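upload32.pdb (PDB, C-alpha atoms and all ligand atoms)
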```
MODEL        1
ATOM      1  CA  MET E   1     150.162 194.588 119.911
ATOM      2  CA  ILE E   2     153.431 194.559 118.017
ATOM      3  CA  GLU E   3     153.711 196.770 114.930
ATOM      4  CA  VAL E   4     156.553 196.674 112.473
ATOM      5  CA  GLU E   5     156.450 199.223 109.644
ATOM      6  CA  GLN E   6     158.802 199.378 106.688
ATOM      7  CA  LEU E   7     161.600 198.175 108.928
ATOM      8  CA  THR E   8     165.066 197.899 107.386
ATOM      9  CA  LYS E   9     168.416 197.022 108.937
ATOM     10  CA  ARG E  10     171.646 197.082 107.003
ATOM     11  CA  TYR E  11     175.027 195.894 108.258
ATOM     12  CA  GLY E  12     177.494 197.251 105.705
ATOM     13  CA  PRO E  13     176.756 195.422 102.455
ATOM     14  CA  THR E  14     174.350 192.976 104.152
ATOM     15  CA  THR E  15     170.664 193.829 104.404
ATOM     16  CA  ALA E  16     169.482 191.747 107.369
ATOM     17  CA  VAL E  17     165.892 193.112 107.242
ATOM     18  CA  ARG E  18     164.343 194.814 104.234
ATOM     19  CA  ASP E  19     161.198 196.979 104.245
ATOM     20  CA  LEU E  20     159.420 194.594 106.618
ATOM     21  CA  SER E  21     155.850 195.368 107.751
ATOM     22  CA  PHE E  22     153.545 193.200 109.889
ATOM     23  CA  THR E  23     151.313 193.303 112.974
ATOM     24  CA  VAL E  24     151.155 190.786 115.830
ATOM     25  CA  ARG E  25     147.838 190.855 117.688
ATOM     26  CA  PRO E  26     147.012 189.950 121.284
ATOM     27  CA  GLY E  27     145.164 186.723 122.079
ATOM     28  CA  HIS E  28     147.167 184.574 119.669
ATOM     29  CA  VAL E  29     150.404 182.658 119.537
ATOM     30  CA  THR E  30     152.103 184.068 116.438
ATOM     31  CA  GLY E  31     154.954 182.068 114.956
ATOM     32  CA  PHE E  32     157.830 184.065 113.427
ATOM     33  CA  LEU E  33     159.244 181.734 110.840
ATOM     34  CA  GLY E  34     162.128 181.871 108.424
ATOM     35  CA  PRO E  35     165.190 179.876 107.468
ATOM     36  CA  ASN E  36     168.507 180.485 109.244
ATOM     37  CA  GLY E  37     169.737 184.005 108.572
ATOM     38  CA  ALA E  38     166.294 185.267 107.470
ATOM     39  CA  GLY E  39     166.452 188.200 109.887
ATOM     40  CA  LYS E  40     164.253 187.009 112.777
ATOM     41  CA  THR E  41     166.696 187.754 115.587
ATOM     42  CA  THR E  42     167.571 191.140 114.097
ATOM     43  CA  THR E  43     163.850 192.025 113.965
ATOM     44  CA  LEU E  44     163.295 190.938 117.579
ATOM     45  CA  ARG E  45     166.356 192.920 118.664
ATOM     46  CA  MET E  46     165.010 196.022 116.903
ATOM     47  CA  LEU E  47     161.638 195.528 118.645
ATOM     48  CA  LEU E  48     163.469 195.431 121.968
ATOM     49  CA  GLY E  49     165.506 198.527 121.161
ATOM     50  CA  LEU E  50     168.784 196.576 121.240
ATOM     51  CA  VAL E  51     169.526 197.347 117.597
ATOM     52  CA  GLU E  52     168.800 200.676 115.919
ATOM     53  CA  PRO E  53     166.823 200.320 112.647
ATOM     54  CA  THR E  54     168.366 201.768 109.489
ATOM     55  CA  ALA E  55     164.822 202.791 108.482
ATOM     56  CA  GLY E  56     161.230 202.184 109.567
ATOM     57  CA  THR E  57     159.719 201.607 112.996
ATOM     58  CA  ALA E  58     159.227 198.697 115.389
ATOM     59  CA  THR E  59     156.793 199.440 118.222
ATOM     60  CA  ILE E  60     155.150 197.542 121.059
ATOM     61  CA  GLY E  61     151.818 198.855 122.321
ATOM     62  CA  GLY E  62     152.380 201.924 120.145
ATOM     63  CA  HIS E  63     155.716 202.808 121.772
ATOM     64  CA  VAL E  64     159.353 202.278 120.999
ATOM     65  CA  PHE E  65     160.296 199.774 123.707
ATOM     66  CA  ARG E  66     163.552 201.444 124.730
ATOM     67  CA  ARG E  67     161.550 204.384 126.035
ATOM     68  CA  HIS E  68     159.455 202.229 128.403
ATOM     69  CA  PRO E  69     160.419 202.677 132.049
ATOM     70  CA  ARG E  70     160.515 199.342 133.970
ATOM     71  CA  GLY E  71     160.380 197.459 130.691
ATOM     72  CA  LEU E  72     159.823 193.937 132.082
ATOM     73  CA  ARG E  73     156.271 194.845 133.052
ATOM     74  CA  HIS E  74     155.517 195.753 129.452
ATOM     75  CA  VAL E  75     157.436 193.154 127.481
ATOM     76  CA  GLY E  76     159.017 189.845 128.454
ATOM     77  CA  ALA E  77     161.582 188.391 126.092
ATOM     78  CA  LEU E  78     163.855 185.402 125.748
ATOM     79  CA  LEU E  79     166.488 186.123 123.115
ATOM     80  CA  ASP E  80     169.514 183.990 123.929
ATOM     81  CA  ALA E  81     169.382 181.407 126.703
ATOM     82  CA  HIS E  82     173.189 181.573 126.995
ATOM     83  CA  ASP E  83     173.206 185.308 127.585
ATOM     84  CA  VAL E  84     173.179 185.044 131.404
ATOM     85  CA  HIS E  85     175.885 185.161 134.049
ATOM     86  CA  GLY E  86     176.877 181.507 134.576
ATOM     87  CA  GLY E  87     178.321 182.144 138.041
ATOM     88  CA  ARG E  88     174.987 183.124 139.578
ATOM     89  CA  SER E  89     172.116 180.891 140.674
ATOM     90  CA  ALA E  90     168.822 181.137 138.784
ATOM     91  CA  ARG E  91     167.188 182.557 141.893
ATOM     92  CA  ALA E  92     169.859 185.255 142.306
ATOM     93  CA  HIS E  93     169.601 186.129 138.599
ATOM     94  CA  LEU E  94     165.808 186.520 138.781
ATOM     95  CA  HIS E  95     166.023 188.455 142.069
ATOM     96  CA  ALA E  96     168.394 190.937 140.431
ATOM     97  CA  MET E  97     166.030 191.370 137.483
ATOM     98  CA  ALA E  98     163.002 191.769 139.784
ATOM     99  CA  CYS E  99     164.835 194.343 141.871
ATOM    100  CA  GLY E 100     165.842 196.422 138.828
ATOM    101  CA  ASN E 101     162.249 196.506 137.581
ATOM    102  CA  ARG E 102     160.489 197.005 140.944
ATOM    103  CA  ILE E 103     158.839 193.618 140.748
ATOM    104  CA  PRO E 104     157.938 191.968 144.107
ATOM    105  CA  ARG E 105     160.382 189.197 145.144
ATOM    106  CA  ARG E 106     157.560 186.662 145.526
ATOM    107  CA  ARG E 107     157.203 186.687 141.714
ATOM    108  CA  VAL E 108     160.600 184.918 141.535
ATOM    109  CA  ASP E 109     159.239 181.816 143.292
ATOM    110  CA  GLU E 110     156.036 181.969 141.247
ATOM    111  CA  VAL E 111     157.854 181.972 137.895
ATOM    112  CA  LEU E 112     160.351 179.320 139.021
ATOM    113  CA  ALA E 113     157.397 177.068 139.889
ATOM    114  CA  GLU E 114     155.700 177.984 136.605
ATOM    115  CA  VAL E 115     158.664 176.824 134.502
ATOM    116  CA  GLY E 116     159.321 173.724 136.610
ATOM    117  CA  LEU E 117     162.722 174.681 138.040
ATOM    118  CA  THR E 118     162.825 173.050 141.477
ATOM    119  CA  ARG E 119     164.113 174.783 144.606
ATOM    120  CA  ALA E 120     167.338 172.748 144.387
ATOM    121  CA  ALA E 121     167.876 173.541 140.697
ATOM    122  CA  ALA E 122     167.111 177.245 141.225
ATOM    123  CA  GLY E 123     169.873 177.386 143.862
ATOM    124  CA  ARG E 124     172.520 175.933 141.520
ATOM    125  CA  ARG E 125     174.955 177.970 139.399
ATOM    126  CA  ILE E 126     173.476 178.637 135.961
ATOM    127  CA  GLY E 127     176.814 177.555 134.475
ATOM    128  CA  THR E 128     175.907 173.950 135.383
ATOM    129  CA  TYR E 129     172.543 174.075 133.538
ATOM    130  CA  SER E 130     171.641 172.115 130.413
ATOM    131  CA  LEU E 131     170.312 174.096 127.432
ATOM    132  CA  GLY E 132     166.784 172.948 128.312
ATOM    133  CA  MET E 133     167.142 174.317 131.873
ATOM    134  CA  ARG E 134     168.540 177.590 130.501
ATOM    135  CA  GLN E 135     165.530 177.876 128.212
ATOM    136  CA  ARG E 136     163.220 177.355 131.206
ATOM    137  CA  LEU E 137     165.119 180.038 133.110
ATOM    138  CA  GLY E 138     164.888 182.405 130.126
ATOM    139  CA  ILE E 139     161.125 181.806 129.959
ATOM    140  CA  ALA E 140     160.874 182.435 133.734
ATOM    141  CA  ALA E 141     162.687 185.751 133.231
ATOM    142  CA  ALA E 142     160.309 186.720 130.424
ATOM    143  CA  LEU E 143     157.297 185.978 132.657
ATOM    144  CA  LEU E 144     158.686 187.825 135.688
ATOM    145  CA  GLY E 145     156.965 191.168 135.080
ATOM    146  CA  ASP E 146     153.627 189.513 134.135
ATOM    147  CA  PRO E 147     153.797 191.445 130.829
ATOM    148  CA  PRO E 148     151.053 191.718 128.180
ATOM    149  CA  VAL E 149     153.579 191.130 125.370
ATOM    150  CA  LEU E 150     156.002 188.202 125.219
ATOM    151  CA  MET E 151     158.665 187.417 122.632
ATOM    152  CA  PHE E 152     160.706 184.235 122.446
ATOM    153  CA  ASP E 153     163.595 183.551 120.027
ATOM    154  CA  GLU E 154     163.809 179.808 119.239
ATOM    155  CA  PRO E 155     162.502 178.803 122.700
ATOM    156  CA  LEU E 156     162.058 175.136 121.789
ATOM    157  CA  ASN E 157     165.796 174.641 121.178
ATOM    158  CA  GLY E 158     167.213 172.135 123.616
ATOM    159  CA  LEU E 159     163.897 171.160 125.191
ATOM    160  CA  ASP E 160     163.052 167.466 125.488
ATOM    161  CA  PRO E 161     159.655 166.246 124.171
ATOM    162  CA  GLU E 162     158.006 166.755 127.549
ATOM    163  CA  GLY E 163     159.475 170.286 127.674
ATOM    164  CA  VAL E 164     158.158 171.036 124.169
ATOM    165  CA  LEU E 165     154.636 169.965 125.185
ATOM    166  CA  TRP E 166     154.861 172.056 128.325
ATOM    167  CA  VAL E 167     156.020 175.151 126.483
ATOM    168  CA  ARG E 168     153.249 174.806 123.864
ATOM    169  CA  GLY E 169     150.656 174.603 126.644
ATOM    170  CA  LEU E 170     152.188 177.623 128.357
ATOM    171  CA  PHE E 171     152.180 179.753 125.167
ATOM    172  CA  ARG E 172     148.545 178.863 124.453
ATOM    173  CA  ARG E 173     147.544 179.759 127.982
ATOM    174  CA  LEU E 174     149.376 183.087 127.799
ATOM    175  CA  ALA E 175     147.537 183.846 124.534
ATOM    176  CA  ARG E 176     144.170 182.809 126.044
ATOM    177  CA  GLU E 177     144.850 185.311 128.819
ATOM    178  CA  GLY E 178     144.825 187.972 126.090
ATOM    179  CA  ARG E 179     148.580 188.479 125.782
ATOM    180  CA  THR E 180     150.554 188.962 122.594
ATOM    181  CA  VAL E 181     152.849 185.935 122.178
ATOM    182  CA  PHE E 182     155.464 186.102 119.389
ATOM    183  CA  VAL E 183     157.668 183.028 118.971
ATOM    184  CA  SER E 184     160.468 182.583 116.416
ATOM    185  CA  SER E 185     161.593 179.330 114.862
ATOM    186  CA  HIS E 186     163.279 178.128 111.681
ATOM    187  CA  LEU E 187     161.210 174.922 111.713
ATOM    188  CA  MET E 188     157.599 174.756 110.559
ATOM    189  CA  SER E 189     157.266 171.423 112.395
ATOM    190  CA  GLU E 190     157.803 173.305 115.676
ATOM    191  CA  MET E 191     155.248 175.988 114.845
ATOM    192  CA  GLU E 192     152.420 173.987 113.324
ATOM    193  CA  HIS E 193     151.377 172.676 116.734
ATOM    194  CA  THR E 194     152.267 175.840 118.625
ATOM    195  CA  ALA E 195     151.115 178.892 116.660
ATOM    196  CA  ASP E 196     147.744 179.882 115.220
ATOM    197  CA  GLU E 197     149.069 182.913 113.330
ATOM    198  CA  LEU E 198     152.254 183.119 111.258
ATOM    199  CA  VAL E 199     154.669 185.774 110.089
ATOM    200  CA  VAL E 200     157.020 184.174 107.562
ATOM    201  CA  ILE E 201     160.157 185.932 106.313
ATOM    202  CA  GLY E 202     163.010 185.052 103.974
ATOM    203  CA  ARG E 203     166.104 187.142 103.123
ATOM    204  CA  GLY E 204     164.797 189.758 105.539
ATOM    205  CA  GLU E 205     161.596 190.256 103.541
ATOM    206  CA  LEU E 206     157.989 189.389 104.333
ATOM    207  CA  ILE E 207     156.702 186.230 102.642
ATOM    208  CA  ALA E 208     153.397 185.758 104.493
ATOM    209  CA  ALA E 209     151.487 187.175 107.458
ATOM    210  CA  GLU E 210     148.313 185.162 107.987
ATOM    211  CA  SER E 211     146.659 182.404 110.000
ATOM    212  CA  LEU E 212     148.120 178.904 109.985
ATOM    213  CA  ALA E 213     144.977 177.720 108.168
ATOM    214  CA  GLU E 214     145.425 180.357 105.433
ATOM    215  CA  PHE E 215     149.081 179.457 105.078
ATOM    216  CA  ALA E 216     148.204 175.767 104.749
ATOM    217  CA  ALA E 217     145.586 176.582 102.112
ATOM    218  CA  ARG E 218     148.044 178.552  99.963
ATOM    219  CA  GLY E 219     150.392 175.551 100.009
ATOM    220  CA  THR E 220     150.927 173.606  96.863
ATOM    221  CA  GLU E 221     148.111 171.460  95.499
ATOM    222  CA  PRO E 222     147.977 167.850  96.631
ATOM    223  CA  THR E 223     150.115 165.232  94.915
ATOM    224  CA  VAL E 224     148.688 161.991  93.548
ATOM    225  CA  THR E 225     150.821 158.868  93.648
ATOM    226  CA  VAL E 226     149.880 156.267  91.093
ATOM    227  CA  ARG E 227     151.421 152.824  90.569
ATOM    228  CA  SER E 228     150.760 150.954  87.375
ATOM    229  CA  PRO E 229     152.402 148.216  85.267
ATOM    230  CA  ASP E 230     151.606 150.580  82.331
ATOM    231  CA  SER E 231     153.243 153.606  83.952
ATOM    232  CA  GLY E 232     154.968 154.731  80.727
ATOM    233  CA  ALA E 233     151.714 154.900  78.769
ATOM    234  CA  LEU E 234     149.902 156.455  81.726
ATOM    235  CA  ALA E 235     152.593 159.150  82.088
ATOM    236  CA  ALA E 236     152.194 160.050  78.402
ATOM    237  CA  VAL E 237     148.404 160.361  78.773
ATOM    238  CA  LEU E 238     148.729 162.515  81.894
ATOM    239  CA  VAL E 239     151.273 164.855  80.289
ATOM    240  CA  THR E 240     148.943 165.287  77.281
ATOM    241  CA  GLU E 241     146.243 166.294  79.796
ATOM    242  CA  GLY E 242     148.562 169.011  81.147
ATOM    243  CA  ALA E 243     149.592 167.299  84.392
ATOM    244  CA  ALA E 244     153.157 167.387  85.731
ATOM    245  CA  VAL E 245     154.471 163.848  86.089
ATOM    246  CA  GLU E 246     157.536 162.709  87.976
ATOM    247  CA  ARG E 247     158.706 159.095  87.839
ATOM    248  CA  CYS E 248     159.658 157.789  91.299
ATOM    249  CA  ASP E 249     160.705 154.233  90.492
ATOM    250  CA  GLY E 250     159.849 151.642  87.867
ATOM    251  CA  ASP E 251     156.056 151.540  88.354
ATOM    252  CA  THR E 252     155.340 154.629  90.411
ATOM    253  CA  LEU E 253     154.490 158.143  89.214
ATOM    254  CA  ARG E 254     153.947 161.301  91.250
ATOM    255  CA  VAL E 255     151.368 163.543  89.599
ATOM    256  CA  ARG E 256     150.495 167.205  90.078
ATOM    257  CA  GLY E 257     147.811 169.091  88.207
ATOM    258  CA  ALA E 258     145.367 166.181  88.007
ATOM    259  CA  GLY E 259     143.422 164.816  90.994
ATOM    260  CA  ALA E 260     142.988 161.133  91.827
ATOM    261  CA  VAL E 261     139.522 161.051  90.206
ATOM    262  CA  ARG E 262     140.862 162.405  86.882
ATOM    263  CA  VAL E 263     143.863 160.038  86.939
ATOM    264  CA  GLY E 264     141.482 157.089  87.545
ATOM    265  CA  GLU E 265     139.151 158.217  84.727
ATOM    266  CA  LEU E 266     142.029 158.588  82.252
ATOM    267  CA  ALA E 267     143.434 155.182  83.171
ATOM    268  CA  HIS E 268     139.976 153.667  82.625
ATOM    269  CA  GLU E 269     139.486 155.439  79.262
ATOM    270  CA  HIS E 270     142.849 154.172  78.013
ATOM    271  CA  ARG E 271     142.384 150.677  79.507
ATOM    272  CA  LEU E 272     145.458 151.036  81.716
ATOM    273  CA  LEU E 273     145.665 148.924  84.847
ATOM    274  CA  LEU E 274     146.255 150.686  88.195
ATOM    275  CA  TRP E 275     147.819 149.047  91.248
ATOM    276  CA  GLU E 276     147.663 152.064  93.533
ATOM    277  CA  LEU E 277     146.088 155.534  93.529
ATOM    278  CA  THR E 278     146.611 157.770  96.574
ATOM    279  CA  THR E 279     146.420 161.492  97.343
ATOM    280  CA  GLN E 280     148.950 163.232  99.612
ATOM    281  CA  ALA E 281     147.801 166.562 101.020
ATOM    282  CA  ALA E 282     150.543 169.204 100.860
ATOM    283  CA  SER E 283     152.115 169.524 104.290
ATOM    284  CA  LEU E 284     152.733 172.864 105.963
ATOM    285  CA  GLU E 285     156.404 171.932 105.948
ATOM    286  CA  THR E 286     156.330 171.574 102.155
ATOM    287  CA  ALA E 287     154.533 174.918 101.733
ATOM    288  CA  PHE E 288     157.088 176.580 104.001
ATOM    289  CA  MET E 289     160.055 175.047 102.212
ATOM    290  CA  GLU E 290     158.718 175.993  98.786
ATOM    291  CA  LEU E 291     157.956 179.568  99.786
ATOM    292  CA  THR E 292     161.352 180.090 101.410
ATOM    293  CA  ALA E 293     163.452 178.080  98.935
ATOM    294  CA  ASP E 294     165.228 181.189  97.573
ATOM    295  CA  SER E 295     166.176 182.350 101.045
ATOM    296  CA  VAL E 296     167.686 178.983 101.876
ATOM    297  CA  GLU E 297     169.859 179.216  98.770
ATOM    298  CA  TYR E 298     171.003 182.583 100.037
ATOM    299  CA  ALA E 299     171.853 181.081 103.432
ATOM    300  CA  ALA E 300     174.119 178.648 101.611
ATOM    301  CA  GLY E 301     176.464 181.511 100.858
ATOM    302  CA  GLU E 302     175.384 184.053  98.236
ATOM    303  CA  THR E 303     175.393 187.782  98.856
ATOM    304  CA  ARG E 304     172.162 189.575  99.378
TER
HETATM  305  N1  LIG W 401     175.693 192.378 114.032
HETATM  306  C1  LIG W 401     175.687 191.953 112.775
HETATM  307  N2  LIG W 401     176.641 192.331 111.895
HETATM  308  C2  LIG W 401     176.627 191.911 110.620
HETATM  309  N3  LIG W 401     175.687 191.094 110.095
HETATM  310  C3  LIG W 401     174.704 190.671 110.914
HETATM  311  C4  LIG W 401     174.648 191.064 112.290
HETATM  312  N4  LIG W 401     173.545 190.493 112.852
HETATM  313  C5  LIG W 401     172.955 189.767 111.873
HETATM  314  N5  LIG W 401     173.647 189.868 110.713
HETATM  315  C6  LIG W 401     173.306 189.238 109.432
HETATM  316  O1  LIG W 401     171.950 189.527 109.175
HETATM  317  C7  LIG W 401     171.288 188.405 108.623
HETATM  318  C8  LIG W 401     170.080 188.022 109.485
HETATM  319  O2  LIG W 401     170.534 187.462 110.698
HETATM  320  P1  LIG W 401     169.554 187.055 111.893
HETATM  321  O3  LIG W 401     170.400 186.519 113.008
HETATM  322  O4  LIG W 401     168.651 188.181 112.207
HETATM  323  O5  LIG W 401     168.704 185.887 111.236
HETATM  324  P2  LIG W 401     167.800 184.780 111.920
HETATM  325  O6  LIG W 401     166.582 184.654 111.061
HETATM  326  O7  LIG W 401     167.582 185.092 113.355
HETATM  327  O8  LIG W 401     168.672 183.486 111.742
HETATM  328  P3  LIG W 401     168.962 182.253 112.739
HETATM  329  O9  LIG W 401     167.752 181.391 112.699
HETATM  330  O10 LIG W 401     170.150 181.622 112.077
HETATM  331  O11 LIG W 401     169.273 182.859 114.081
HETATM  332  C9  LIG W 401     172.341 187.316 108.491
HETATM  333  O12 LIG W 401     172.864 187.372 107.189
HETATM  334  C10 LIG W 401     173.372 187.721 109.513
HETATM  335  O13 LIG W 401     174.643 187.231 109.148
ENDMDL
END
```

How would this structure read if it were set down as C-alpha cells?
Amino acid sequence: MIEVEQLTKRYGPTTAVRDLSFTVRPGHVTGFLGPNGAGKTTTLRMLLGLVEPTAGTATIGGHVFRRHPRGLRHVGALLDAHDVHGGRSARAHLHAMACGNRIPRRRVDEVLAEVGLTRAAAGRRIGTYSLGMRQRLGIAAALLGDPPVLMFDEPLNGLDPEGVLWVRGLFRRLAREGRTVFVSSHLMSEMEHTADELVVIGRGELIAAESLAEFAARGTEPTVTVRSPDSGALAAVLVTEGAAVERCDGDTLRVRGAGAVRVGELAHEHRLLLWELTTQAASLETAFMELTADSVEYAAGETR
C-alpha cells in the first residue's frame, strides 16, 4: 500500500506538488496520470526518499522508504531507464544490485528471462541498448527483489507494440499476485488498457483518484452528430431547447445537452429532414484532456 498525505514539494518559486493526498492499494494496476510537468516524477521520487518533501508524508507499507534496509525487497522501481552505467553489461548491473541487497544471484537470470533479454543481449554493454531494451532492463531491476510494491515512471516509452502488450500482461499478473503496481504516464491511451485504478494530477494537485470505470463515467456527456439539409433551422430549434450546438461543416452539427432521441423528435416536430443522427460516447482521452486542460496551459509556460 502506498499512502501520500498532504504532500507538497516546492522548488524556489515553483510548486511541483501541492497538498497531494491519495492511496494506492495492492491487487490493482494503478495508473498515475497527468500532463507533462504535472508532478508525477517528483511524487515518485518523494515516495522513494530521493527527494525530501517540503510538507506532508509519502509512505510505502506504512514506512518512509528511505528507512527500509535492503530496499529492493520492499519496493521495486523504474524511474529513468537512462540512469544506468552504460559501460556495464545488463547482467553485471543486475548482479551488483543483487549483491548490494542480499538477493540470490539466480534471481538475475530469472528476471532477465522474465523481461525477454536474451543471454547474448544481457552480456552486451548497456550503452549499446535501444530505449526499449533499457526499459526492459529497468523493469528487470525493479523485479529483482520480488517486492510487494512496484513503481514505474513512463515504462511504456520506447517499447514497440509487442513490448507494450507484454508489459501490460506483466503488470496485470503482478497485480493479480496481490502486489501494489503504480505506473505513471502522460497519455490516457496508454493507461486505459493497462490500469484499473487511476490517480490523476495536474499542476501538482489531485484531480481524481478512482477506478477507470468511475473516471469514464464522470467524463463529459455523449455528443450527437446530426447532418441535415435544414441544419440552420435545426440548430435554432436545438438552441431554443437549451442544447449546445457547434457547426462542423455546411450540413453537420455537433450537439451536446440533447440526446439522439430528443434531436430526432424535435426534427420530426418541426418537419426537418435528417440525413444522419449518431451518438459518440465520450472517450476516456476526452475526459482526461478536459479535466487537465488548465494544467496543460500551465505546461505551455505560465508560472504556477
Ligand atoms: N529539481 C527540480 N528543480 C526545479 N524544478 C523542478 C525540479 N524537479 C521538477 N521540477 C519542476 O516541478 C514540476 C513537476 O515536474 P515533474 O518532473 O515532477 O513532472 P512530471 O509530471 O513527471 O512531468 P513529465 O511527464 O514531463 O516527466 C515541473 O514544473 C518541473 O519543472

> Counting only C-alpha atoms and all ligand atoms, what residues are within 7 Å of ligand LIG 401 (chain W), given as a list in words?
Replying inline: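 Sorted by chain and then by number, the residues are Tyr11, Thr14, Thr15, Ala16, Val17, Gly34, Pro35, Asn36, Gly37, Ala38, Gly39, Lys40, Thr41, Thr42, Thr43, Ser185, His186 and Gly204 of chain E.
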
>> If the PyMOL selection byres (((chain E and resi 1) around 9) and not hetatm) were run on this exact file, what residues would it hold? Put them as an MDAnalysis selection string.
In response: chainID E and resid 2:3 23:26 59:62 148:149 179:180

>> Could you check the closest approach to Gly76 in chain E for each of E:Ala121, E:Met151, E:Leu7, E:Val255 and tell me which residue wins, using all atoms listed in the file?
In response: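 So, comparing all the options, the nearest one is E:Met151.
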
>> Take the PyMOL selection byres (((chain E and resi 229) around 9) and not hetatm), run it mentally on this structure, and tell me the resulting residues as a VMD selection string.
In response: chain E and resid 227 to 228 230 to 232 250 to 252 272 to 275

> So, counting all atoms listed in the file, which residue among E:Val115, E:Ile201, E:Val224, E:Val239 is closest to Ala260 in chain E?
Replying inline: E:Val224

> Which residues, written as a PyMOL selection string, have at least one atom at most 12 Å from range 208-218 of chain E, with all atoms listed in the file counted and residues fewer than 6 positions away on the same chain left out?
Replying inline: chain E and resi 4+20-25+28-34+188+191-202+281-288+290-292

>> Between E:Ala98, E:Pro104, E:Gly158, E:Gln6, which residue has the minimum interatomic distance to Pro53 in chain E, considering only C-alpha atoms?
In response: E:Gln6

>> Restricting the calculation to all atoms listed in the file: of E:Asp153, E:His85, E:Leu47, E:Gly27, which residue gets closest to Glu177 in chain E?
In response: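 With all atoms listed in the file as the atom set, the closest residue is E:Gly27.
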
Once 3 Å is added on each side, what centre and edge lengths in Å to one decimal does the axis-aligned box around all listed atoms of range 155-169 of chain E have, as AutoDock Vina command-line options?
```
--center_x 158.9 --center_y 172.5 --center_z 124.8 --size_x 22.6 --size_y 18.6 --size_z 13.1
```

>> Would you compute the distance between CA of Ala140 in chain E and CA of Arg176 in chain E? Give it in Å to one decimal.
In response: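 CA of Ala140 in chain E sits 18.4 Å away from CA of Arg176 in chain E.
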
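Shortest atom-to-atom contact with Met46 in chain E among E:Arg125, E:His63, E:Lys9, E:Arg134: E:Lys9, counting all atoms listed in the file.
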
>> List as a VMD selection string the protein and nucleic acid residues near Leu50 in chain E, meaning an atom at most 9 Å away when all atoms listed in the file are counted, but skip any in the same chain fewer than 5 places from it.
In response: chain E and resid 44 to 45 66

> Neighbours of Ala92 in chain E within 10 Å (only C-alpha atoms; same-chain residues fewer than 5 positions away dropped), as a ChimeraX atom specification?
Replying inline: /E:87,97-98,108,122-126

> Hey, can you check how far CA of Gly169 in chain E sits from CA of Thr128 in chain E?
Replying inline: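 Distance reported for this atom pair: 26.7 Å.
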
>> Could you tell me, as JSON, numbers by chain, exactly which residues end up selected when the PyMOL selection byres (((chain E and resi 225) around 10) and not hetatm) is applied to this structure?
In response: {"E": [222, 223, 224, 226, 227, 245, 246, 247, 248, 252, 253, 254, 255, 256, 259, 260, 263, 276, 277, 278, 279, 280]}

>> Using Å and a single decimal, report how far CA of Ile207 in chain E sits from CA of Ala243 in chain E.
In response: 27.2 Å

>> List the spatial neighbours of range 266-271 of chain E as a ChimeraX atom specification - criterion: any atom at most 8 Å away, all atoms listed in the file, same-chain residues fewer than 6 positions off excluded.
In response: /E:234,237-238

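If you measure from each of E:Ala141, E:Ala113, E:Val84, E:Val167 to Tyr129 in chain E using only C-alpha atoms, the closest one turns out to be E:Val84.
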
>> as a count of residues only, please: the residues near Leu112 in chain E (cut-off 10 Å, all atoms listed in the file, same-chain neighbours under 4 positions excluded).
In response: 18

Could you please fill out range 144-157 of chain E with N, CA and C atoms and send it back as a CSV table (one decimal), keeping the file's coordinate frame?
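Result written to out_25.csv:
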```
chain,number,residue,atom,x,y,z
E,144,LEU,N,158.5,187.2,134.4
E,144,LEU,CA,158.7,187.8,135.7
E,144,LEU,C,157.8,189.1,135.9
E,145,GLY,N,157.7,189.9,134.9
E,145,GLY,CA,157.0,191.2,135.1
E,145,GLY,C,155.5,191.0,134.7
E,146,ASP,N,155.0,189.8,134.5
E,146,ASP,CA,153.6,189.5,134.1
E,146,ASP,C,153.2,190.4,133.0
E,147,PRO,N,154.0,190.4,131.9
E,147,PRO,CA,153.8,191.4,130.8
E,147,PRO,C,152.7,191.0,129.8
E,148,PRO,N,152.1,192.0,129.2
E,148,PRO,CA,151.1,191.7,128.2
E,148,PRO,C,151.6,191.3,126.8
E,149,VAL,N,152.9,191.5,126.6
E,149,VAL,CA,153.6,191.1,125.4
E,149,VAL,C,154.8,190.3,125.7
E,150,LEU,N,154.9,189.1,125.0
E,150,LEU,CA,156.0,188.2,125.2
E,150,LEU,C,156.6,187.8,123.9
E,151,MET,N,158.0,187.8,123.9
E,151,MET,CA,158.7,187.4,122.6
E,151,MET,C,159.7,186.4,123.0
E,152,PHE,N,159.8,185.3,122.2
E,152,PHE,CA,160.7,184.2,122.4
E,152,PHE,C,161.5,183.9,121.2
E,153,ASP,N,162.8,183.9,121.2
E,153,ASP,CA,163.6,183.6,120.0
E,153,ASP,C,164.0,182.1,120.1
E,154,GLU,N,163.5,181.2,119.3
E,154,GLU,CA,163.8,179.8,119.2
E,154,GLU,C,163.7,179.2,120.6
E,155,PRO,N,162.6,179.3,121.3
E,155,PRO,CA,162.5,178.8,122.7
E,155,PRO,C,162.5,177.3,122.8
E,156,LEU,N,162.2,176.6,121.7
E,156,LEU,CA,162.1,175.1,121.8
E,156,LEU,C,163.4,174.4,121.7
E,157,ASN,N,164.4,175.2,121.3
E,157,ASN,CA,165.8,174.6,121.2
E,157,ASN,C,166.2,174.0,122.5
```
